[in-house]
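Participant: Input structure: work13.cif, which contains mmCIF, C-alpha atoms.
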data_start
loop_
_atom_site.group_PDB
_atom_site.id
_atom_site.type_symbol
_atom_site.label_atom_id
_atom_site.label_comp_id
_atom_site.auth_asym_id
_atom_site.auth_seq_id
_atom_site.Cartn_x
_atom_site.Cartn_y
_atom_site.Cartn_z
ATOM 1 C CA PHE A 1 -29.743 4.865 2.428
ATOM 2 C CA GLN A 2 -26.986 2.783 4.039
ATOM 3 C CA LEU A 3 -29.493 0.301 5.498
ATOM 4 C CA THR A 4 -31.084 -0.281 2.106
ATOM 5 C CA THR A 5 -27.702 -0.593 0.432
ATOM 6 C CA GLY A 6 -26.570 -3.020 3.137
ATOM 7 C CA LYS A 7 -29.617 -5.223 2.531
ATOM 8 C CA ILE A 8 -28.824 -5.315 -1.176
ATOM 9 C CA LEU A 9 -25.078 -5.897 -0.811
ATOM 10 C CA ARG A 10 -25.207 -8.532 1.988
ATOM 11 C CA PRO A 11 -26.475 -11.391 -0.231
ATOM 12 C CA LEU A 12 -23.908 -10.419 -2.868
ATOM 13 C CA TYR A 13 -21.102 -10.508 -0.293
ATOM 14 C CA ASP A 14 -22.422 -13.863 0.944
ATOM 15 C CA SER A 15 -22.178 -15.220 -2.611
ATOM 16 C CA CYS A 16 -18.433 -14.474 -2.502
ATOM 17 C CA GLN A 17 -17.908 -16.861 0.421
ATOM 18 C CA LYS A 18 -17.494 -20.607 0.637
ATOM 19 C CA ASP A 19 -19.837 -22.690 2.781
ATOM 20 C CA ASP A 20 -17.320 -22.544 5.657
ATOM 21 C CA GLY A 21 -17.463 -18.706 5.649
ATOM 22 C CA SER A 22 -14.010 -18.151 4.137
ATOM 23 C CA GLY A 23 -13.556 -16.026 1.038
ATOM 24 C CA ASP A 24 -13.945 -17.725 -2.316
ATOM 25 C CA GLN A 25 -10.823 -16.648 -4.243
ATOM 26 C CA ARG A 26 -12.549 -17.501 -7.518
ATOM 27 C CA LYS A 27 -14.897 -14.578 -6.927
ATOM 28 C CA GLY A 28 -12.287 -11.893 -6.271
ATOM 29 C CA THR A 29 -13.425 -9.767 -9.206
ATOM 30 C CA LEU A 30 -17.025 -9.658 -7.933
ATOM 31 C CA LEU A 31 -15.772 -8.863 -4.439
ATOM 32 C CA LEU A 32 -13.744 -5.894 -5.725
ATOM 33 C CA GLU A 33 -16.807 -4.631 -7.609
ATOM 34 C CA LEU A 34 -18.830 -4.783 -4.389
ATOM 35 C CA TYR A 35 -16.092 -2.963 -2.489
ATOM 36 C CA ALA A 36 -16.004 -0.306 -5.226
ATOM 37 C CA LEU A 37 -19.762 0.233 -4.831
ATOM 38 C CA GLU A 38 -19.359 0.668 -1.095
ATOM 39 C CA ILE A 39 -16.382 2.976 -1.579
ATOM 40 C CA GLN A 40 -18.509 5.221 -3.788
ATOM 41 C CA MET A 41 -21.278 5.226 -1.174
ATOM 42 C CA TYR A 42 -18.925 6.074 1.703
ATOM 43 C CA THR A 43 -17.171 8.709 -0.388
ATOM 44 C CA GLU A 44 -20.521 10.453 -0.862
ATOM 45 C CA THR A 45 -21.316 10.242 2.859
ATOM 46 C CA LYS A 46 -17.705 11.243 3.753
ATOM 47 C CA ASN A 47 -17.227 8.223 6.043
ATOM 48 C CA ASN A 48 -13.411 8.184 5.948
ATOM 49 C CA LYS A 49 -13.092 5.512 8.637
ATOM 50 C CA LYS A 50 -15.117 3.041 6.582
ATOM 51 C CA LEU A 51 -13.212 4.056 3.423
ATOM 52 C CA LYS A 52 -9.910 3.114 5.072
ATOM 53 C CA GLU A 53 -11.334 -0.252 6.163
ATOM 54 C CA LEU A 54 -12.638 -1.000 2.678
ATOM 55 C CA TYR A 55 -9.360 0.023 1.065
ATOM 56 C CA LYS A 56 -7.440 -2.393 3.291
ATOM 57 C CA GLN A 57 -9.922 -5.159 2.464
ATOM 58 C CA CYS A 58 -9.416 -4.486 -1.244
ATOM 59 C CA LEU A 59 -5.669 -4.924 -0.849
ATOM 60 C CA ASN A 60 -6.261 -8.420 0.556
ATOM 61 C CA VAL A 61 -8.121 -9.640 -2.544
ATOM 62 C CA LYS A 62 -5.560 -11.623 -4.482
ATOM 63 C CA SER A 63 -7.382 -13.443 -7.257
ATOM 64 C CA ALA A 64 -9.168 -10.850 -9.387
ATOM 65 C CA ILE A 65 -9.133 -9.309 -12.839
ATOM 66 C CA PRO A 66 -11.206 -6.157 -12.329
ATOM 67 C CA HIS A 67 -12.164 -3.580 -14.911
ATOM 68 C CA PRO A 68 -9.823 -0.530 -14.850
ATOM 69 C CA ARG A 69 -12.762 1.651 -13.749
ATOM 70 C CA ILE A 70 -13.243 -0.529 -10.658
ATOM 71 C CA MET A 71 -9.540 -0.258 -9.833
ATOM 72 C CA GLY A 72 -9.768 3.501 -10.338
ATOM 73 C CA VAL A 73 -12.518 3.762 -7.729
ATOM 74 C CA ILE A 74 -10.553 1.597 -5.295
ATOM 75 C CA ARG A 75 -7.186 3.275 -5.763
ATOM 76 C CA GLU A 76 -8.723 6.711 -5.439
ATOM 77 C CA CYS A 77 -9.427 6.158 -1.734
ATOM 78 C CA GLY A 78 -5.836 5.191 -0.748
ATOM 79 C CA GLU A 79 -4.064 6.780 2.223
ATOM 80 C CA GLU A 80 -0.658 8.216 3.231
ATOM 81 C CA TRP A 81 0.811 10.729 0.768
ATOM 82 C CA GLU A 82 3.595 8.645 -0.777
ATOM 83 C CA LYS A 83 1.286 5.672 -1.039
ATOM 84 C CA ALA A 84 -1.588 7.943 -2.084
ATOM 85 C CA GLN A 85 0.579 9.419 -4.832
ATOM 86 C CA THR A 86 1.205 5.916 -6.186
ATOM 87 C CA ASP A 87 -2.472 5.020 -5.848
ATOM 88 C CA PHE A 88 -3.628 8.221 -7.549
ATOM 89 C CA PHE A 89 -1.217 7.540 -10.390
ATOM 90 C CA GLU A 90 -2.502 3.976 -10.751
ATOM 91 C CA ALA A 91 -6.104 5.228 -10.485
ATOM 92 C CA PHE A 92 -5.365 7.840 -13.135
ATOM 93 C CA LYS A 93 -3.932 5.175 -15.455
ATOM 94 C CA SER A 94 -6.907 2.867 -14.795
ATOM 95 C CA TYR A 95 -9.434 5.627 -15.491
ATOM 96 C CA ASP A 96 -7.454 6.745 -18.537
ATOM 97 C CA GLU A 97 -7.371 3.196 -19.887
ATOM 98 C CA ALA A 98 -11.129 2.904 -19.287
ATOM 99 C CA GLY A 99 -11.725 6.251 -21.031
ATOM 100 C CA SER A 100 -13.357 7.664 -17.906
ATOM 101 C CA PRO A 101 -13.517 11.435 -17.320
ATOM 102 C CA GLN A 102 -12.702 10.620 -13.667
ATOM 103 C CA ARG A 103 -9.052 10.543 -14.791
ATOM 104 C CA ILE A 104 -8.979 14.369 -14.608
ATOM 105 C CA GLN A 105 -9.972 14.379 -10.932
ATOM 106 C CA CYS A 106 -7.403 11.672 -10.147
ATOM 107 C CA LEU A 107 -4.743 13.645 -11.972
ATOM 108 C CA LYS A 108 -5.561 16.689 -9.817
ATOM 109 C CA TYR A 109 -5.245 14.514 -6.708
ATOM 110 C CA LEU A 110 -1.956 13.109 -7.998
ATOM 111 C CA VAL A 111 -0.586 16.663 -8.303
ATOM 112 C CA LEU A 112 -1.853 17.484 -4.808
ATOM 113 C CA ALA A 113 -0.197 14.358 -3.363
ATOM 114 C CA HIS A 114 3.078 15.264 -5.086
ATOM 115 C CA MET A 115 3.055 18.654 -3.406
ATOM 116 C CA LEU A 116 2.021 17.235 -0.023
ATOM 117 C CA MET A 117 4.883 14.746 -0.030
ATOM 118 C CA GLU A 118 7.160 17.650 -1.029
ATOM 119 C CA SER A 119 8.350 15.900 -4.165
ATOM 120 C CA THR A 120 10.743 17.763 -6.426
ATOM 121 C CA ILE A 121 9.641 15.685 -9.422
ATOM 122 C CA ASN A 122 7.056 17.274 -11.673
ATOM 123 C CA PRO A 123 4.093 14.874 -11.984
ATOM 124 C CA PHE A 124 3.640 15.994 -15.608
ATOM 125 C CA ASP A 125 7.050 14.615 -16.604
ATOM 126 C CA SER A 126 5.701 11.076 -16.974
ATOM 127 C CA GLN A 127 4.597 9.895 -20.405
ATOM 128 C CA GLU A 128 1.129 9.019 -19.038
ATOM 129 C CA THR A 129 0.373 12.471 -17.623
ATOM 130 C CA LYS A 130 2.238 14.663 -20.114
ATOM 131 C CA PRO A 131 -0.620 14.713 -22.683
ATOM 132 C CA TYR A 132 -2.927 16.276 -20.053
ATOM 133 C CA LYS A 133 -0.489 19.007 -19.021
ATOM 134 C CA ASN A 134 -2.275 21.653 -21.118
ATOM 135 C CA ASP A 135 -5.819 20.280 -20.748
ATOM 136 C CA SER A 136 -8.230 23.110 -19.916
ATOM 137 C CA GLN A 137 -9.335 21.325 -16.714
ATOM 138 C CA ILE A 138 -5.737 20.633 -15.633
ATOM 139 C CA ILE A 139 -3.827 23.783 -16.645
ATOM 140 C CA ALA A 140 -4.479 25.442 -13.263
ATOM 141 C CA MET A 141 -2.939 22.432 -11.492
ATOM 142 C CA THR A 142 0.004 22.531 -13.919
ATOM 143 C CA ASP A 143 0.564 26.200 -13.042
ATOM 144 C CA LEU A 144 0.133 25.431 -9.347
ATOM 145 C CA VAL A 145 2.769 22.687 -9.294
ATOM 146 C CA ASN A 146 5.167 24.900 -11.275
ATOM 147 C CA ALA A 147 4.755 27.752 -8.766
ATOM 148 C CA TYR A 148 5.195 25.209 -5.961
ATOM 149 C CA HIS A 149 8.478 23.944 -7.392
ATOM 150 C CA ARG A 150 9.762 27.501 -7.793
ATOM 151 C CA LYS A 151 8.619 28.263 -4.191
ATOM 152 C CA GLU A 152 6.697 31.314 -5.424
ATOM 153 C CA ILE A 153 4.111 31.689 -2.675
ATOM 154 C CA HIS A 154 2.463 34.821 -4.135
ATOM 155 C CA GLU A 155 2.083 33.196 -7.550
ATOM 156 C CA PHE A 156 0.719 30.029 -5.890
ATOM 157 C CA GLU A 157 -1.886 32.056 -3.965
ATOM 158 C CA LYS A 158 -2.817 34.024 -7.106
ATOM 159 C CA ILE A 159 -3.386 30.795 -9.053
ATOM 160 C CA LEU A 160 -5.644 29.553 -6.253
ATOM 161 C CA ARG A 161 -7.639 32.795 -6.285
ATOM 162 C CA ASP A 162 -7.917 32.947 -10.081
ATOM 163 C CA ASN A 163 -8.893 29.279 -10.417
ATOM 164 C CA ARG A 164 -11.159 28.859 -7.436
ATOM 165 C CA LYS A 165 -13.732 26.835 -9.376
ATOM 166 C CA THR A 166 -11.331 24.292 -10.889
ATOM 167 C CA ILE A 167 -9.227 23.867 -7.733
ATOM 168 C CA LEU A 168 -10.923 24.905 -4.504
ATOM 169 C CA ASP A 169 -14.454 23.772 -5.367
ATOM 170 C CA ASP A 170 -13.192 20.211 -4.959
ATOM 171 C CA PRO A 171 -13.694 19.346 -1.260
ATOM 172 C CA PHE A 172 -10.747 16.918 -1.182
ATOM 173 C CA ILE A 173 -8.310 19.503 -2.570
ATOM 174 C CA ARG A 174 -9.772 22.235 -0.363
ATOM 175 C CA THR A 175 -9.150 20.024 2.708
ATOM 176 C CA TYR A 176 -5.406 19.692 2.053
ATOM 177 C CA ILE A 177 -4.356 22.789 0.092
ATOM 178 C CA ASN A 178 -3.527 24.722 3.278
ATOM 179 C CA ASP A 179 -0.974 22.034 4.145
ATOM 180 C CA VAL A 180 0.686 22.687 0.783
ATOM 181 C CA LEU A 181 0.659 26.430 1.465
ATOM 182 C CA ASN A 182 2.253 25.819 4.869
ATOM 183 C CA ASN A 183 4.960 23.695 3.216
ATOM 184 C CA ILE A 184 5.808 26.542 0.821
ATOM 185 C CA ARG A 185 5.780 29.167 3.580
ATOM 186 C CA ALA A 186 8.144 27.050 5.666
ATOM 187 C CA THR A 187 10.718 27.005 2.853
ATOM 188 C CA VAL A 188 10.498 30.661 1.805
#
Could you rewrite the structure in this file as structure tokens?
Facilitator:
Amino acid sequence: FQLTTGKILRPLYDSCQKDDGSGDQRKGTLLLELYALEIQMYTETKNNKKLKELYKQCLNVKSAIPHPRIMGVIRECGEEWEKAQTDFFEAFKSYDEAGSPQRIQCLKYLVLAHMLMESTINPFDSQETKPYKNDSQIIAMTDLVNAYHRKEIHEFEKILRDNRKTILDDPFIRTYINDVLNNIRATV
């Protein structure tokens, strides 16, 4: 799969370079679209090392006007919780602006990042996220962040148990939710 994709993407990457091998800044938008394709591929194959490399490369593209959906894909793979929180928020806004259902997943990740960075600010207080606060796919995360802020460990665990499908079936959330639980336990 990766070999075939590489054969397809290589000529496209080459078209984004000048004859001397340096990047053609006039083709920044195309380059970001190619990176977004690769990000989606490496997300599926769970190649986090390559995701980090691609994310850093995306940050170096200066001259581009990408579609919000492309920026959503790119921002979704950011790293470090404070930076990730910002990236998830930007990804959420990009997906929301593009009308993509992916905004719900990014909003869940935004809530997770808020809890992992031990923020006391409720992520649903912003005007962009507030309309989704009572969305059927988000309500469990709303309840989770509220229990987190009140440091109610038993309520937090109950919400996780009762909403296994909407929260713990997501592999990304499942990977980090124990860290959130440990944060709560440390403060109780």
Participant: May I ask which of the residues A:Asp24, A:Asp143, A:Asp87, A:Glu118 is the closest one to Tyr55 in chain A, counting only C-alpha atoms?
Facilitator: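 Selected residue with least distance to Tyr55 in chain A: A:Asp87.
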Participant: Of the candidates A:Ile39, A:Val61, A:Phe172, A:Leu9, which shows the shortest atom-to-atom distance to Lys27 in chain A, using only C-alpha atoms?
Facilitator: A:Val61
Participant: Nearest residue to Ile74 in chain A out of A:Asn183, A:Thr45, A:Gln40, A:Asn146, using all atoms listed in the file?
Facilitator: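 Smallest separation from Ile74 in chain A among the options: A:Gln40.
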Participant: Would you mind listing what lies within 8 Å of Tyr109 in chain A as a list in words, with only C-alpha atoms counted and same-chain residues fewer than 2 positions away left out?
Facilitator: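 My reading of the contact set: Gln85, Phe88, Gln105, Cys106, Leu107, Val111, Leu112, Ala113 and Ile173 of chain A.
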Participant: Do a neighbour search on range 66-71 of chain A at 7 Å with all atoms listed in the file, toss out local chain neighbours closer than 6 positions, and write the hits as a list in words.
Facilitator: Thr29, Glu33, Ala36, Ala91, Ser94, Tyr95, Glu97 and Ala98 of chain A
Participant: Would you work out the distance separating CA of Phe89 in chain A from CA of Leu116 in chain A, expressed in Å to one decimal?
Facilitator: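 Interatomic distance, CA of Phe89 in chain A to CA of Leu116 in chain A: 14.6 Å.
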Participant: What's around Asn163 in chain A at 10 Å? Count only C-alpha atoms, leave out sequence neighbours fewer than 6 positions away in its own chain, and write the answer as a PDB file with C-alpha atoms, keeping the file's coordinate frame.
Facilitator:
ATOM      1  CA  ILE A 139      -3.827  23.783 -16.645  1.00  0.00           C
ATOM      2  CA  ALA A 140      -4.479  25.442 -13.263  1.00  0.00           C
ATOM      3  CA  MET A 141      -2.939  22.432 -11.492  1.00  0.00           C
ATOM      4  CA  LEU A 144       0.133  25.431  -9.347  1.00  0.00           C
ATOM      5  CA  GLU A 157      -1.886  32.056  -3.965  1.00  0.00           C
ATOM      6  CA  ASP A 169     -14.454  23.772  -5.367  1.00  0.00           C
TER       7      ASP A 169
END
Participant: Counting only C-alpha atoms, which residues sit no farther than 10 Å from the position (1.8, 29.2, 1.9) in the file's frame? I'd like them as a PyMOL selection string.
Facilitator: chain A and resi 148+151-154+156-157+177-188
Participant: So, counting all atoms listed in the file, which residue among A:Cys77, A:Gly28, A:Ile65, A:Tyr176 is closest to Lys50 in chain A?
Facilitator: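 Of A:Cys77, A:Gly28, A:Ile65, A:Tyr176, the one nearest Lys50 in chain A, counting all atoms listed in the file, is A:Cys77.
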Participant: CA of Thr86 in chain A to CA of His114 in chain A: how many Å, to one decimal?
Facilitator: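 Separation between CA of Thr86 in chain A and CA of His114 in chain A: 9.6 Å.
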Participant: Rounded to one decimal place, report the CA of Glu44 in chain A-CA of Asp170 in chain A distance in Å.
Facilitator: 12.9 Å
Participant: Nearest to Glu82 in chain A: which of A:Thr166, A:Thr175, A:Ser119, A:Ser126 is it, counting all atoms listed in the file?
Facilitator: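 Using all atoms listed in the file, Glu82 in chain A sits closest to A:Ser119.
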Participant: Which residues are close to Asn60 in chain A, i.e. within 12 Å by all atoms listed in the file, leaving aside same-chain residues fewer than 3 positions away? Reply as JSON, numbers by chain.
Facilitator: {"A": [23, 25, 28, 31, 32, 35, 53, 54, 55, 56, 57, 63, 64]}
Participant: Between A:His149, A:Arg103, A:Arg26, A:Ala84, single out the one closest to Lys62 in chain A, counting all atoms listed in the file.
Facilitator: A:Arg26
Participant: Could you list, as a ChimeraX atom specification, every residue within 8 Å of Ile138 in chain A, counting only C-alpha atoms and ignoring same-chain residues fewer than 6 positions away?
Facilitator: /A:104,107-108,132
